[in-house]
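A.B. asks: Just run31.csv, nothing more (CSV, C-alpha atoms):
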chain,number,residue,atom,x,y,z
A,59,MET,CA,-41.1,-72.4,-6.4
A,60,ARG,CA,-42.4,-69.1,-7.6
A,61,MET,CA,-42.1,-68.2,-11.3
A,62,ASP,CA,-40.0,-65.1,-10.6
A,63,GLU,CA,-37.5,-67.1,-8.5
A,64,LEU,CA,-37.3,-69.7,-11.2
A,65,ARG,CA,-36.5,-67.0,-13.8
A,66,PHE,CA,-33.8,-65.6,-11.5
A,67,ARG,CA,-32.1,-68.9,-11.1
A,68,THR,CA,-32.3,-69.6,-14.8
A,69,ASN,CA,-30.7,-66.2,-15.6
A,70,LEU,CA,-28.0,-66.8,-13.0
A,71,GLN,CA,-27.1,-70.1,-14.6
A,72,ARG,CA,-27.0,-68.5,-18.1
A,73,LEU,CA,-24.7,-65.7,-16.7
A,74,GLY,CA,-22.4,-68.4,-15.2
A,75,ALA,CA,-22.2,-70.1,-18.6
A,76,THR,CA,-21.5,-66.9,-20.3
A,77,ARG,CA,-18.7,-66.2,-17.9
A,78,LEU,CA,-17.2,-69.6,-18.6
A,79,ILE,CA,-17.3,-69.0,-22.3
A,80,LEU,CA,-15.7,-65.6,-21.8
A,81,ALA,CA,-13.0,-67.1,-19.6
A,82,PHE,CA,-12.4,-69.8,-22.3
A,83,CYS,CA,-12.0,-67.1,-25.0
A,84,LEU,CA,-9.6,-65.1,-22.9
A,85,LEU,CA,-7.5,-68.2,-22.1
A,86,VAL,CA,-7.5,-69.8,-25.6
A,87,ILE,CA,-8.3,-67.2,-28.3
A,88,ALA,CA,-6.6,-64.1,-26.9
A,89,PRO,CA,-3.2,-65.6,-26.5
A,90,ALA,CA,-3.4,-66.9,-30.1
A,91,VAL,CA,-3.9,-63.3,-31.3
A,92,VAL,CA,-1.0,-62.1,-29.2
A,93,ARG,CA,1.3,-64.8,-30.7
A,94,ALA,CA,0.2,-63.8,-34.2
A,95,GLU,CA,0.7,-60.1,-33.9
A,96,GLU,CA,3.3,-59.5,-31.2
A,97,PRO,CA,5.0,-62.7,-29.9
A,98,ALA,CA,5.3,-62.8,-26.1
A,99,THR,CA,9.0,-62.5,-25.3
A,100,ASP,CA,9.2,-62.7,-21.5
A,101,ASP,CA,12.9,-62.5,-20.7
A,102,ASN,CA,14.0,-62.9,-24.3
A,103,TRP,CA,15.0,-60.6,-27.2
A,104,PRO,CA,14.2,-62.8,-30.2
A,105,SER,CA,14.2,-60.3,-33.0
A,106,PHE,CA,15.8,-57.0,-34.2
A,107,ARG,CA,13.5,-54.7,-32.3
A,108,ASN,CA,11.9,-57.2,-29.9
A,109,GLY,CA,8.5,-57.7,-31.5
A,110,ASN,CA,6.6,-57.1,-34.7
A,111,MET,CA,5.7,-53.5,-33.9
A,112,LEU,CA,9.5,-52.8,-33.7
A,113,HIS,CA,9.3,-50.7,-30.5
A,114,GLY,CA,12.9,-51.5,-29.3
A,115,VAL,CA,11.7,-51.8,-25.7
A,116,ALA,CA,12.9,-54.6,-23.4
A,117,ASP,CA,10.5,-56.8,-21.5
A,118,SER,CA,13.1,-57.6,-18.8
A,119,THR,CA,15.3,-55.5,-16.5
A,120,LEU,CA,19.0,-54.9,-16.1
A,121,PRO,CA,21.1,-54.5,-13.0
A,122,ALA,CA,21.4,-50.9,-11.8
A,123,GLU,CA,25.2,-51.0,-12.5
A,124,LEU,CA,26.6,-52.9,-15.5
A,125,LYS,CA,30.0,-54.5,-15.8
A,126,LEU,CA,31.5,-56.5,-18.6
A,127,LEU,CA,30.7,-60.2,-18.2
A,128,TRP,CA,32.4,-61.6,-21.3
A,129,SER,CA,33.4,-60.9,-24.8
A,130,TYR,CA,33.5,-63.1,-27.9
A,131,GLU,CA,36.2,-62.4,-30.5
A,132,THR,CA,35.4,-62.7,-34.3
A,133,ASN,CA,37.6,-62.6,-37.4
A,134,ASP,CA,35.4,-59.8,-38.8
A,135,GLY,CA,32.8,-57.3,-37.6
A,136,ILE,CA,29.3,-57.6,-36.2
A,137,PRO,CA,27.2,-54.9,-38.0
A,138,GLY,CA,23.9,-56.3,-36.9
A,139,THR,CA,22.0,-56.9,-33.7
A,140,PRO,CA,22.2,-60.1,-31.6
A,141,ALA,CA,19.2,-62.0,-30.3
A,142,ILE,CA,18.6,-63.5,-26.8
A,143,TYR,CA,16.5,-66.6,-26.4
A,144,ASP,CA,16.1,-69.2,-23.6
A,145,GLY,CA,19.4,-68.3,-22.0
A,146,HIS,CA,21.4,-68.2,-25.2
A,147,VAL,CA,22.8,-65.4,-27.4
A,148,TYR,CA,22.5,-65.7,-31.2
A,149,CYS,CA,24.6,-63.5,-33.5
A,150,GLY,CA,25.4,-63.2,-37.2
A,151,ILE,CA,29.0,-62.2,-38.2
A,152,LEU,CA,30.5,-60.8,-41.3
A,153,ASP,CA,32.9,-63.7,-41.7
A,154,GLY,CA,30.0,-65.9,-42.6
A,155,TYR,CA,29.1,-67.5,-39.3
A,156,VAL,CA,26.1,-67.5,-37.0
A,157,VAL,CA,27.0,-68.4,-33.5
A,158,CYS,CA,25.1,-69.6,-30.5
A,159,LEU,CA,26.6,-68.8,-27.1
A,160,GLU,CA,25.6,-69.3,-23.5
A,161,ALA,CA,24.2,-66.0,-22.2
A,162,LYS,CA,25.9,-66.2,-18.8
A,163,THR,CA,29.4,-67.3,-19.9
A,164,GLY,CA,29.8,-66.6,-23.6
A,165,LYS,CA,30.7,-70.2,-24.1
A,166,GLU,CA,30.2,-71.3,-27.7
A,167,VAL,CA,27.4,-73.9,-28.1
A,168,TRP,CA,27.4,-74.2,-31.9
A,169,LYS,CA,28.7,-72.4,-35.0
A,170,TYR,CA,26.9,-72.4,-38.4
A,171,ARG,CA,28.5,-71.4,-41.7
A,172,SER,CA,26.7,-69.8,-44.6
A,173,ILE,CA,28.3,-72.4,-47.0
A,174,THR,CA,28.9,-76.1,-46.6
A,175,ASP,CA,32.5,-76.0,-47.8
A,176,PRO,CA,34.6,-76.7,-44.7
A,177,ASP,CA,37.8,-75.0,-46.1
A,178,PRO,CA,38.3,-71.9,-43.9
A,179,LYS,CA,40.0,-70.1,-46.9
A,180,THR,CA,36.9,-70.4,-49.0
A,181,PHE,CA,34.8,-67.1,-49.0
A,182,ALA,CA,31.6,-67.4,-47.0
A,183,PRO,CA,28.9,-64.7,-47.4
A,184,GLY,CA,28.6,-62.7,-44.2
A,185,PHE,CA,25.6,-61.8,-42.1
A,186,LYS,CA,24.5,-58.2,-41.6
A,187,ALA,CA,20.9,-58.9,-40.6
A,188,ALA,CA,19.8,-59.6,-37.0
A,189,PRO,CA,18.6,-63.1,-36.4
A,190,LEU,CA,14.9,-64.0,-35.7
A,191,VAL,CA,14.8,-66.7,-33.1
A,192,THR,CA,11.9,-69.0,-32.3
A,193,ASP,CA,11.7,-72.1,-30.1
A,194,ALA,CA,12.5,-74.3,-33.1
A,195,ALA,CA,14.7,-72.2,-35.4
A,196,VAL,CA,17.0,-69.3,-36.2
A,197,PHE,CA,16.1,-67.3,-39.4
A,198,ILE,CA,18.7,-65.0,-41.0
A,199,GLY,CA,19.7,-63.8,-44.5
A,200,ASP,CA,23.2,-63.4,-45.8
A,201,GLU,CA,24.9,-60.8,-48.0
A,202,GLU,CA,24.6,-62.9,-51.2
A,203,GLY,CA,20.9,-63.3,-50.9
A,204,ILE,CA,20.4,-66.7,-49.2
A,205,PHE,CA,17.9,-66.9,-46.4
A,206,HIS,CA,18.8,-69.5,-43.9
A,207,CYS,CA,16.7,-71.5,-41.4
A,208,ILE,CA,18.9,-73.1,-38.7
A,209,ASP,CA,17.8,-75.6,-36.0
A,210,ARG,CA,18.0,-73.6,-32.8
A,211,LYS,CA,19.3,-76.3,-30.6
A,212,THR,CA,21.7,-78.2,-32.9
A,213,GLY,CA,22.9,-75.4,-35.3
A,214,GLN,CA,22.2,-77.7,-38.3
A,215,GLN,CA,20.7,-76.3,-41.5
A,216,LYS,CA,16.9,-77.0,-41.8
A,217,TRP,CA,16.4,-75.2,-45.2
A,218,THR,CA,17.6,-72.3,-47.3
A,219,PHE,CA,15.8,-70.0,-49.8
A,220,GLU,CA,17.5,-68.0,-52.6
A,221,THR,CA,16.7,-64.4,-53.4
A,222,PHE,CA,18.6,-62.4,-56.0
A,223,GLY,CA,20.1,-59.6,-53.8
A,224,GLU,CA,21.8,-59.0,-50.5
A,225,ILE,CA,19.6,-59.5,-47.4
A,226,VAL,CA,20.1,-56.8,-44.7
A,227,SER,CA,16.4,-56.9,-43.6
A,228,SER,CA,15.8,-58.9,-40.5
A,229,ALA,CA,12.7,-61.2,-40.6
A,230,SER,CA,9.4,-60.9,-38.8
A,231,LEU,CA,7.1,-63.8,-37.9
A,232,ILE,CA,3.3,-64.0,-37.9
A,233,ASP,CA,1.6,-67.4,-37.4
A,234,ASP,CA,3.6,-69.8,-39.6
A,235,ARG,CA,4.9,-67.1,-41.9
A,236,VAL,CA,8.3,-65.5,-42.1
A,237,ILE,CA,8.5,-62.1,-43.8
A,238,PHE,CA,11.7,-60.3,-44.9
A,239,GLY,CA,13.0,-58.0,-47.6
A,240,SER,CA,15.9,-58.3,-50.1
A,241,TYR,CA,18.0,-56.0,-52.2
A,242,ASP,CA,16.4,-57.7,-55.3
A,243,ASN,CA,13.6,-55.1,-54.7
A,244,SER,CA,11.3,-57.7,-53.2
A,245,LEU,CA,9.4,-58.5,-50.0
A,246,TYR,CA,9.1,-62.3,-49.3
A,247,CYS,CA,6.7,-64.4,-47.3
A,248,LEU,CA,7.8,-67.9,-46.7
A,249,LYS,CA,6.3,-70.8,-44.7
A,250,ALA,CA,8.4,-71.1,-41.6
A,251,GLU,CA,8.4,-74.9,-41.5
A,252,ASN,CA,9.9,-75.6,-44.9
A,253,GLY,CA,10.8,-72.3,-46.7
A,254,GLU,CA,8.0,-72.6,-49.2
A,255,GLN,CA,7.3,-69.3,-50.9
A,256,LEU,CA,3.8,-68.1,-50.1
A,257,TRP,CA,4.0,-64.8,-51.9
A,258,LYS,CA,6.4,-62.2,-53.2
A,259,PHE,CA,5.8,-58.5,-53.5
A,260,GLU,CA,8.0,-56.5,-55.9
A,261,THR,CA,8.9,-52.9,-55.0
A,262,GLU,CA,10.8,-50.4,-57.0
A,263,GLY,CA,14.0,-50.3,-54.8
A,264,TYR,CA,16.0,-52.1,-52.2
A,265,VAL,CA,14.2,-53.3,-49.2
A,266,ASN,CA,16.5,-52.6,-46.3
A,267,CYS,CA,14.1,-52.4,-43.4
A,268,THR,CA,12.7,-55.1,-41.1
A,269,PRO,CA,8.9,-55.2,-41.9
A,270,ALA,CA,6.7,-54.2,-39.1
A,271,ILE,CA,3.5,-56.2,-38.6
A,272,VAL,CA,0.2,-55.2,-37.0
A,273,ASN,CA,-3.5,-56.0,-37.5
A,274,GLY,CA,-2.8,-58.4,-40.4
A,275,PHE,CA,-0.7,-55.9,-42.3
A,276,THR,CA,3.0,-55.5,-42.9
A,277,PHE,CA,4.6,-52.2,-43.5
A,278,VAL,CA,7.6,-51.5,-45.9
A,279,THR,CA,9.6,-48.4,-46.1
A,280,GLY,CA,12.4,-48.7,-48.6
A,281,CYS,CA,14.6,-47.2,-51.3
A,282,ASP,CA,11.7,-46.7,-53.7
A,283,GLU,CA,10.6,-43.8,-51.5
A,284,GLN,CA,7.3,-45.3,-50.7
A,285,LEU,CA,5.4,-46.4,-47.6
A,286,ARG,CA,3.6,-49.6,-48.5
A,287,VAL,CA,0.9,-51.4,-46.5
A,288,ILE,CA,0.6,-55.1,-47.5
A,289,ASP,CA,-1.8,-57.8,-46.5
A,290,VAL,CA,0.2,-60.6,-44.8
A,291,GLN,CA,-2.1,-63.3,-46.0
A,292,THR,CA,-2.3,-62.4,-49.7
A,293,GLY,CA,0.7,-60.3,-50.3
A,294,GLU,CA,-1.5,-57.7,-52.0
A,295,GLN,CA,-0.8,-54.0,-51.5
A,296,ILE,CA,-3.7,-52.4,-49.6
A,297,LYS,CA,-2.4,-48.8,-49.9
A,298,HIS,CA,0.8,-46.8,-50.4
A,299,MET,CA,2.0,-43.3,-49.8
A,300,PRO,CA,4.9,-41.5,-51.6
A,301,LEU,CA,7.5,-40.2,-49.1
A,302,ASN,CA,9.8,-38.7,-51.7
A,303,THR,CA,13.0,-39.9,-50.0
A,304,TYR,CA,15.0,-43.0,-49.4
A,305,LEU,CA,14.4,-44.9,-46.2
A,306,ILE,CA,17.0,-47.1,-44.6
A,307,ALA,CA,15.5,-47.4,-41.1
A,308,SER,CA,12.7,-49.7,-40.0
A,309,PRO,CA,9.3,-48.3,-39.1
A,310,ALA,CA,8.0,-48.5,-35.5
A,311,ILE,CA,4.2,-48.7,-35.1
A,312,MET,CA,1.9,-47.6,-32.3
A,313,GLY,CA,-1.8,-47.5,-32.9
A,314,ASP,CA,-2.5,-45.7,-36.2
A,315,GLU,CA,0.9,-44.0,-36.2
A,316,LEU,CA,4.1,-45.1,-37.9
A,317,TYR,CA,7.4,-43.5,-37.0
A,318,VAL,CA,10.6,-43.6,-39.1
A,319,GLY,CA,13.7,-41.7,-39.9
A,320,THR,CA,14.4,-40.7,-43.5
A,321,TYR,CA,17.3,-40.0,-45.8
A,322,ALA,CA,15.9,-36.5,-46.1
A,323,SER,CA,17.2,-35.6,-42.6
A,324,GLU,CA,13.8,-36.0,-41.0
A,325,VAL,CA,12.0,-38.2,-38.5
A,326,ILE,CA,8.3,-38.4,-39.5
A,327,ALA,CA,5.1,-39.6,-38.0
A,328,VAL,CA,2.5,-40.9,-40.5
A,329,ASN,CA,-1.0,-42.0,-39.9
A,330,TRP,CA,-0.9,-45.2,-41.9
A,331,LYS,CA,-4.7,-45.6,-42.1
A,332,GLN,CA,-5.3,-42.1,-43.5
A,333,LEU,CA,-1.9,-41.8,-45.2
A,334,THR,CA,-1.2,-38.3,-43.8
A,335,THR,CA,2.0,-37.0,-42.2
A,336,GLN,CA,1.3,-35.9,-38.7
A,337,TRP,CA,4.6,-34.2,-38.1
A,338,ALA,CA,8.2,-34.0,-39.3
A,339,PHE,CA,11.2,-33.5,-37.0
A,340,ARG,CA,14.4,-32.0,-38.2
A,341,GLY,CA,17.6,-31.6,-36.1
A,342,SER,CA,19.2,-28.3,-35.6
A,343,VAL,CA,22.8,-29.2,-36.7
A,344,GLY,CA,22.2,-29.5,-40.5
A,345,ASP,CA,21.2,-32.1,-43.1
A,346,PHE,CA,22.0,-35.6,-41.9
A,347,PRO,CA,20.1,-38.8,-42.7
A,348,TYR,CA,18.7,-41.3,-40.2
A,349,HIS,CA,19.8,-44.9,-40.5
A,350,SER,CA,18.8,-45.7,-36.9
A,351,SER,CA,15.4,-47.2,-36.2
A,352,ALA,CA,13.4,-45.4,-33.5
A,353,ALA,CA,12.6,-46.8,-30.0
A,354,LEU,CA,9.1,-46.0,-29.0
A,355,THR,CA,7.2,-45.3,-25.8
A,356,GLY,CA,3.8,-43.7,-25.1
A,357,GLU,CA,5.5,-40.4,-24.8
A,358,LEU,CA,8.8,-40.5,-26.7
A,359,VAL,CA,10.4,-41.4,-30.0
A,360,VAL,CA,14.1,-42.0,-29.4
A,361,VAL,CA,16.4,-42.2,-32.4
A,362,GLY,CA,20.0,-41.8,-33.4
A,363,GLY,CA,21.2,-39.7,-36.3
A,364,ARG,CA,24.2,-39.2,-38.6
A,365,ASP,CA,24.4,-35.7,-37.0
A,366,LYS,CA,26.2,-37.7,-34.2
A,367,MET,CA,23.2,-37.1,-31.9
A,368,VAL,CA,20.6,-39.1,-30.1
A,369,HIS,CA,17.3,-37.4,-30.2
A,370,ALA,CA,14.2,-37.8,-28.0
A,371,ILE,CA,11.1,-36.4,-29.7
A,372,ASN,CA,7.6,-35.8,-28.2
A,373,ARG,CA,5.5,-38.6,-29.8
A,374,ARG,CA,2.4,-36.3,-29.9
A,375,ASN,CA,3.7,-33.2,-31.5
A,376,GLY,CA,7.1,-33.9,-32.9
A,377,GLU,CA,9.0,-31.4,-30.7
A,378,GLU,CA,12.4,-32.2,-29.4
A,379,VAL,CA,12.5,-33.1,-25.7
A,380,TRP,CA,16.2,-33.6,-25.4
A,381,SER,CA,19.3,-34.4,-27.5
A,382,PHE,CA,22.6,-36.0,-26.6
A,383,PRO,CA,25.8,-35.5,-28.5
A,384,THR,CA,28.3,-38.3,-29.3
A,385,ARG,CA,31.5,-38.1,-31.3
A,386,GLY,CA,30.4,-40.3,-34.2
A,387,LYS,CA,27.4,-41.0,-36.3
A,388,VAL,CA,24.7,-42.9,-34.6
A,389,ASP,CA,23.3,-45.7,-36.9
A,390,SER,CA,22.7,-47.9,-33.8
A,391,SER,CA,19.1,-48.2,-32.9
A,392,PRO,CA,18.4,-47.2,-29.3
A,393,VAL,CA,16.9,-49.7,-26.8
A,394,ILE,CA,14.8,-48.7,-23.9
A,395,VAL,CA,15.0,-50.6,-20.6
A,396,GLY,CA,12.7,-49.0,-18.0
A,397,GLU,CA,13.9,-45.4,-17.6
A,398,ARG,CA,17.2,-46.1,-19.4
A,399,VAL,CA,18.3,-45.8,-23.0
A,400,PHE,CA,21.2,-47.8,-24.4
A,401,VAL,CA,22.7,-47.0,-27.8
A,402,GLY,CA,26.0,-47.4,-29.6
A,403,SER,CA,27.9,-44.8,-31.7
A,404,ASP,CA,30.6,-44.8,-34.3
A,405,ASP,CA,32.8,-43.2,-31.7
A,406,GLY,CA,33.3,-46.7,-30.3
A,407,GLN,CA,31.2,-46.1,-27.2
A,408,LEU,CA,28.2,-47.8,-25.7
A,409,TYR,CA,26.1,-45.2,-23.9
A,410,GLU,CA,23.5,-45.4,-21.2
A,411,LEU,CA,21.2,-42.3,-21.0
A,412,ASP,CA,18.4,-41.2,-18.8
A,413,LEU,CA,15.2,-41.6,-20.7
A,414,LYS,CA,13.6,-38.5,-19.2
A,415,SER,CA,16.5,-36.0,-19.4
A,416,GLY,CA,18.9,-37.5,-21.9
A,417,LYS,CA,21.8,-37.1,-19.5
A,418,GLU,CA,24.6,-39.6,-19.6
A,419,ARG,CA,24.5,-42.2,-16.8
A,420,TRP,CA,27.3,-44.6,-18.0
A,421,LYS,CA,29.4,-45.4,-21.0
A,422,TYR,CA,31.8,-48.2,-22.0
A,423,ARG,CA,34.4,-48.0,-24.7
A,424,LEU,CA,34.0,-50.9,-27.1
A,425,GLY,CA,36.9,-49.6,-29.2
A,426,ARG,CA,35.4,-49.9,-32.7
A,427,LYS,CA,32.4,-48.5,-34.5
A,428,VAL,CA,29.0,-49.7,-33.3
A,429,PRO,CA,26.4,-49.7,-36.1
A,430,GLY,CA,24.4,-52.5,-34.5
A,431,SER,CA,21.9,-52.3,-31.7
A,432,PRO,CA,21.8,-53.8,-28.2
A,433,ALA,CA,19.7,-56.8,-27.2
A,434,VAL,CA,18.4,-57.2,-23.7
A,435,GLY,CA,17.3,-60.4,-21.9
A,436,SER,CA,18.3,-62.8,-19.2
A,437,GLN,CA,19.5,-59.9,-17.1
A,438,ILE,CA,22.2,-59.0,-19.7
A,439,LEU,CA,22.8,-56.6,-22.5
A,440,VAL,CA,24.7,-57.8,-25.6
A,441,ILE,CA,26.0,-55.7,-28.4
A,442,GLY,CA,28.6,-56.1,-31.2
A,443,SER,CA,31.3,-53.9,-32.7
A,444,ALA,CA,32.1,-53.7,-36.4
A,445,GLU,CA,35.3,-53.7,-38.5
A,446,THR,CA,38.0,-56.4,-38.6
A,447,ASN,CA,38.4,-58.4,-35.3
A,448,GLY,CA,35.1,-57.0,-33.9
A,449,LYS,CA,33.8,-58.5,-30.7
A,450,LEU,CA,30.5,-59.4,-29.1
A,451,PHE,CA,30.2,-57.9,-25.6
A,452,ALA,CA,27.9,-58.9,-22.8
A,453,PHE,CA,27.1,-56.7,-19.8
A,454,GLY,CA,25.4,-57.5,-16.5
A,455,GLN,CA,26.3,-58.4,-12.9
Turn this file's structure into C-alpha cells for me.
C.D. replies:
Amino acid sequence: MRMDELRFRTNLQRLGATRLILAFCLLVIAPAVVRAEEPATDDNWPSFRNGNMLHGVADSTLPAELKLLWSYETNDGIPGTPAIYDGHVYCGILDGYVVCLEAKTGKEVWKYRSITDPDPKTFAPGFKAAPLVTDAAVFIGDEEGIFHCIDRKTGQQKWTFETFGEIVSSASLIDDRVIFGSYDNSLYCLKAENGEQLWKFETEGYVNCTPAIVNGFTFVTGCDEQLRVIDVQTGEQIKHMPLNTYLIASPAIMGDELYVGTYASEVIAVNWKQLTTQWAFRGSVGDFPYHSSAALTGELVVVGGRDKMVHAINRRNGEEVWSFPTRGKVDSSPVIVGERVFVGSDDGQLYELDLKSGKERWKYRLGRKVPGSPAVGSQILVIGSAETNGKLFAFGQ
C-alpha cells in the first residue's frame, strides 16, 4: 500500500471517530443543556409562561374552532394560571386547594389542601401563583408564605418550606433547583428533591414576578424598582439596573434582550448584558400600569394593559403594530398559539385575536373577571375566572 493511500485511510478513520464523538455529544450533552435552561414541554404547559424564558408561546396546536368541553366549579376564584402536564390539568384556587383534573373530561383526580386540618370551616391559605409541574411533583406557593411540593400522581405532600410573606411568584426550575420569589423581599433557591435552601437573595421590595432563567442567570424585576441579574448556582448578584418604577409583571427574555411592562405605564426593552434601555413603549390612552406579562415572538411583544387594551409592539424598535380594545383592564398575560393570540380581560371575556392584525376572531363570555392567563396543551386551552364561585374552563373539540 502506498504511503499517501495509507494516510488517506487513517484520516478517514479519524474523521469517522470525530463524527461519532460529535453525534454522542449531540445526543447526550445537548439535551442536558436544553433541560437545564428551557425544559422541553412537547404537548404540555408545565409552568406560568411555558418555559424559563417566559415567552408565553404554546408548543402544541389547537383546533381551528373552539368549543367549551367542560368547566370545574370552585368555592372561590382562580386568579392564577393553570398548568397542563401528561394529559392532566393542575390549578391553584383561592379557597386553599390545588386540584388535578383529567384534561379531556375535567374529572377530579386528586385535591390537595394547603393545611392538614380536615375541617372545611378552618381557613386555608389560598393559591394565587401558577403551579410548576414536573414528572415527579407540583410546586406552588400560598398566600401565607408556605411553598408546597406535592407528589404529582398521588396529590400527597412531599415537603413544605416557609417564607415570611405571601407567594404570588410562580417557580422556575433549572437542573435540581427551584427558584421563586416571596413578599418577604426575597428570592429563594431550593433543592427540588427535599426543599433544602441552597441560597436566598434579599431585595428591597416584594418579589411578585416569576424569575426568568437563561445562560445560568436568573432575572428579577420587582417592587424595589430594580432589574437584578443573579447567578443561579451561587445566588450572587452579577449586575443590577435601576428602573425607577415598580414592576409587577414577569420579564420575557430573547437573546440579550429583556421585555417587561412597568408600573410607570411603559413596556420596555432592556439589553441585560449592557444594562441599557433599547426602547420604551407607551400607549396612547393615558397613564395605566402593566400587570400583564408579555408574550414574545421573533417579531412581536404582545401584552395586556390596564388601559383595557391588548398591544402588539414591534420587538425591534418598540413601535405599535396593532392594539385591541376590551371593556376591562387586561392583567391576563397573552398566550400565542401559531398565528392566534388568546387573552382574558376583566370584562369577563376570553378573546382570540389574529396575531398579525389584532382583529378579533372569537370570544367566549366567562362571566367573571379573568386576571389569570391561559394554558395550552393536549389540544385544549384552560383558563380560570376570579371572584367568588369562579370556574376553570376547558376549550377544544
A.B. asks: Just checking: using all atoms listed in the file, which residue out of A:Asp175, A:Glu324, A:Glu397, A:Asp405 ends up closest to Ile371 of chain A?
C.D. replies: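 For Ile371 of chain A, the nearest of the candidates is A:Glu324.
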A.B. asks: Which residue out of A:Ile296, A:Met111, A:Cys281, A:Leu152 has the minimum interatomic distance to Ile232 of chain A when all atoms listed in the file are used?
C.D. replies: A:Met111
A.B. asks: Enumerate, in order of chain and increasing residue number, the residues of segment 91-164 of chain A with an atom no farther than 12 Å from segment 422-435 of chain A, each with its shortest atom pair and distance in Å to one decimal, counting all atoms listed in the file, as a tab-separated table.
C.D. replies:
residue	atom	partner	partner_atom	distance
A:Thr99	CA	A:Gly435	CA	9.2
A:Asp100	CA	A:Gly435	CA	8.4
A:Asp101	CA	A:Gly435	CA	5.0
A:Asn102	CA	A:Gly435	CA	4.8
A:Trp103	CA	A:Gly435	CA	5.8
A:Pro104	CA	A:Ala433	CA	8.7
A:Ser105	CA	A:Ala433	CA	8.7
A:Phe106	CA	A:Ala433	CA	8.0
A:Arg107	CA	A:Ala433	CA	8.3
A:Asn108	CA	A:Ala433	CA	8.3
A:Gly114	CA	A:Ala433	CA	8.9
A:Val115	CA	A:Val434	CA	8.8
A:Ala116	CA	A:Val434	CA	6.1
A:Asp117	CA	A:Gly435	CA	7.7
A:Ser118	CA	A:Gly435	CA	5.9
A:Thr119	CA	A:Gly435	CA	7.6
A:Leu120	CA	A:Val434	CA	8.0
A:Pro121	CA	A:Gly435	CA	11.3
A:Glu123	CA	A:Tyr422	CA	11.9
A:Leu124	CA	A:Tyr422	CA	9.6
A:Lys125	CA	A:Tyr422	CA	9.0
A:Leu126	CA	A:Tyr422	CA	9.0
A:Ser129	CA	A:Leu424	CA	10.3
A:Asp134	CA	A:Arg426	CA	11.6
A:Gly135	CA	A:Arg426	CA	9.2
A:Ile136	CA	A:Gly430	CA	7.3
A:Pro137	CA	A:Gly430	CA	5.1
A:Gly138	CA	A:Gly430	CA	4.5
A:Thr139	CA	A:Ser431	CA	5.0
A:Pro140	CA	A:Ala433	CA	6.0
A:Ala141	CA	A:Ala433	CA	6.1
A:Ile142	CA	A:Gly435	CA	5.9
A:Tyr143	CA	A:Gly435	CA	7.7
A:Asp144	CA	A:Gly435	CA	9.0
A:Gly145	CA	A:Gly435	CA	8.2
A:His146	CA	A:Gly435	CA	9.4
A:Val147	CA	A:Ala433	CA	9.1
A:Tyr148	CA	A:Ala433	CA	10.2
A:Cys149	CA	A:Ala433	CA	10.4
A:Gly150	CA	A:Gly430	CA	11.1
A:Ile151	CA	A:Gly430	CA	11.4
A:Ala161	CA	A:Gly435	CA	8.9
A:Lys162	CA	A:Gly435	CA	10.8
A.B. asks: Go ahead and write the selection's residues with C-alpha atoms as a PDB file, in the frame of the given file.
C.D. replies:
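The resulting file, again-v3.pdb, is shown below:
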ATOM      1  CA  THR A  99       9.000 -62.500 -25.300  1.00  0.00           C
ATOM      2  CA  ASP A 100       9.200 -62.700 -21.500  1.00  0.00           C
ATOM      3  CA  ASP A 101      12.900 -62.500 -20.700  1.00  0.00           C
ATOM      4  CA  ASN A 102      14.000 -62.900 -24.300  1.00  0.00           C
ATOM      5  CA  TRP A 103      15.000 -60.600 -27.200  1.00  0.00           C
ATOM      6  CA  PRO A 104      14.200 -62.800 -30.200  1.00  0.00           C
ATOM      7  CA  SER A 105      14.200 -60.300 -33.000  1.00  0.00           C
ATOM      8  CA  PHE A 106      15.800 -57.000 -34.200  1.00  0.00           C
ATOM      9  CA  ARG A 107      13.500 -54.700 -32.300  1.00  0.00           C
ATOM     10  CA  ASN A 108      11.900 -57.200 -29.900  1.00  0.00           C
ATOM     11  CA  GLY A 114      12.900 -51.500 -29.300  1.00  0.00           C
ATOM     12  CA  VAL A 115      11.700 -51.800 -25.700  1.00  0.00           C
ATOM     13  CA  ALA A 116      12.900 -54.600 -23.400  1.00  0.00           C
ATOM     14  CA  ASP A 117      10.500 -56.800 -21.500  1.00  0.00           C
ATOM     15  CA  SER A 118      13.100 -57.600 -18.800  1.00  0.00           C
ATOM     16  CA  THR A 119      15.300 -55.500 -16.500  1.00  0.00           C
ATOM     17  CA  LEU A 120      19.000 -54.900 -16.100  1.00  0.00           C
ATOM     18  CA  PRO A 121      21.100 -54.500 -13.000  1.00  0.00           C
ATOM     19  CA  GLU A 123      25.200 -51.000 -12.500  1.00  0.00           C
ATOM     20  CA  LEU A 124      26.600 -52.900 -15.500  1.00  0.00           C
ATOM     21  CA  LYS A 125      30.000 -54.500 -15.800  1.00  0.00           C
ATOM     22  CA  LEU A 126      31.500 -56.500 -18.600  1.00  0.00           C
ATOM     23  CA  SER A 129      33.400 -60.900 -24.800  1.00  0.00           C
ATOM     24  CA  ASP A 134      35.400 -59.800 -38.800  1.00  0.00           C
ATOM     25  CA  GLY A 135      32.800 -57.300 -37.600  1.00  0.00           C
ATOM     26  CA  ILE A 136      29.300 -57.600 -36.200  1.00  0.00           C
ATOM     27  CA  PRO A 137      27.200 -54.900 -38.000  1.00  0.00           C
ATOM     28  CA  GLY A 138      23.900 -56.300 -36.900  1.00  0.00           C
ATOM     29  CA  THR A 139      22.000 -56.900 -33.700  1.00  0.00           C
ATOM     30  CA  PRO A 140      22.200 -60.100 -31.600  1.00  0.00           C
ATOM     31  CA  ALA A 141      19.200 -62.000 -30.300  1.00  0.00           C
ATOM     32  CA  ILE A 142      18.600 -63.500 -26.800  1.00  0.00           C
ATOM     33  CA  TYR A 143      16.500 -66.600 -26.400  1.00  0.00           C
ATOM     34  CA  ASP A 144      16.100 -69.200 -23.600  1.00  0.00           C
ATOM     35  CA  GLY A 145      19.400 -68.300 -22.000  1.00  0.00           C
ATOM     36  CA  HIS A 146      21.400 -68.200 -25.200  1.00  0.00           C
ATOM     37  CA  VAL A 147      22.800 -65.400 -27.400  1.00  0.00           C
ATOM     38  CA  TYR A 148      22.500 -65.700 -31.200  1.00  0.00           C
ATOM     39  CA  CYS A 149      24.600 -63.500 -33.500  1.00  0.00           C
ATOM     40  CA  GLY A 150      25.400 -63.200 -37.200  1.00  0.00           C
ATOM     41  CA  ILE A 151      29.000 -62.200 -38.200  1.00  0.00           C
ATOM     42  CA  ALA A 161      24.200 -66.000 -22.200  1.00  0.00           C
ATOM     43  CA  LYS A 162      25.900 -66.200 -18.800  1.00  0.00           C
TER      44      LYS A 162
END
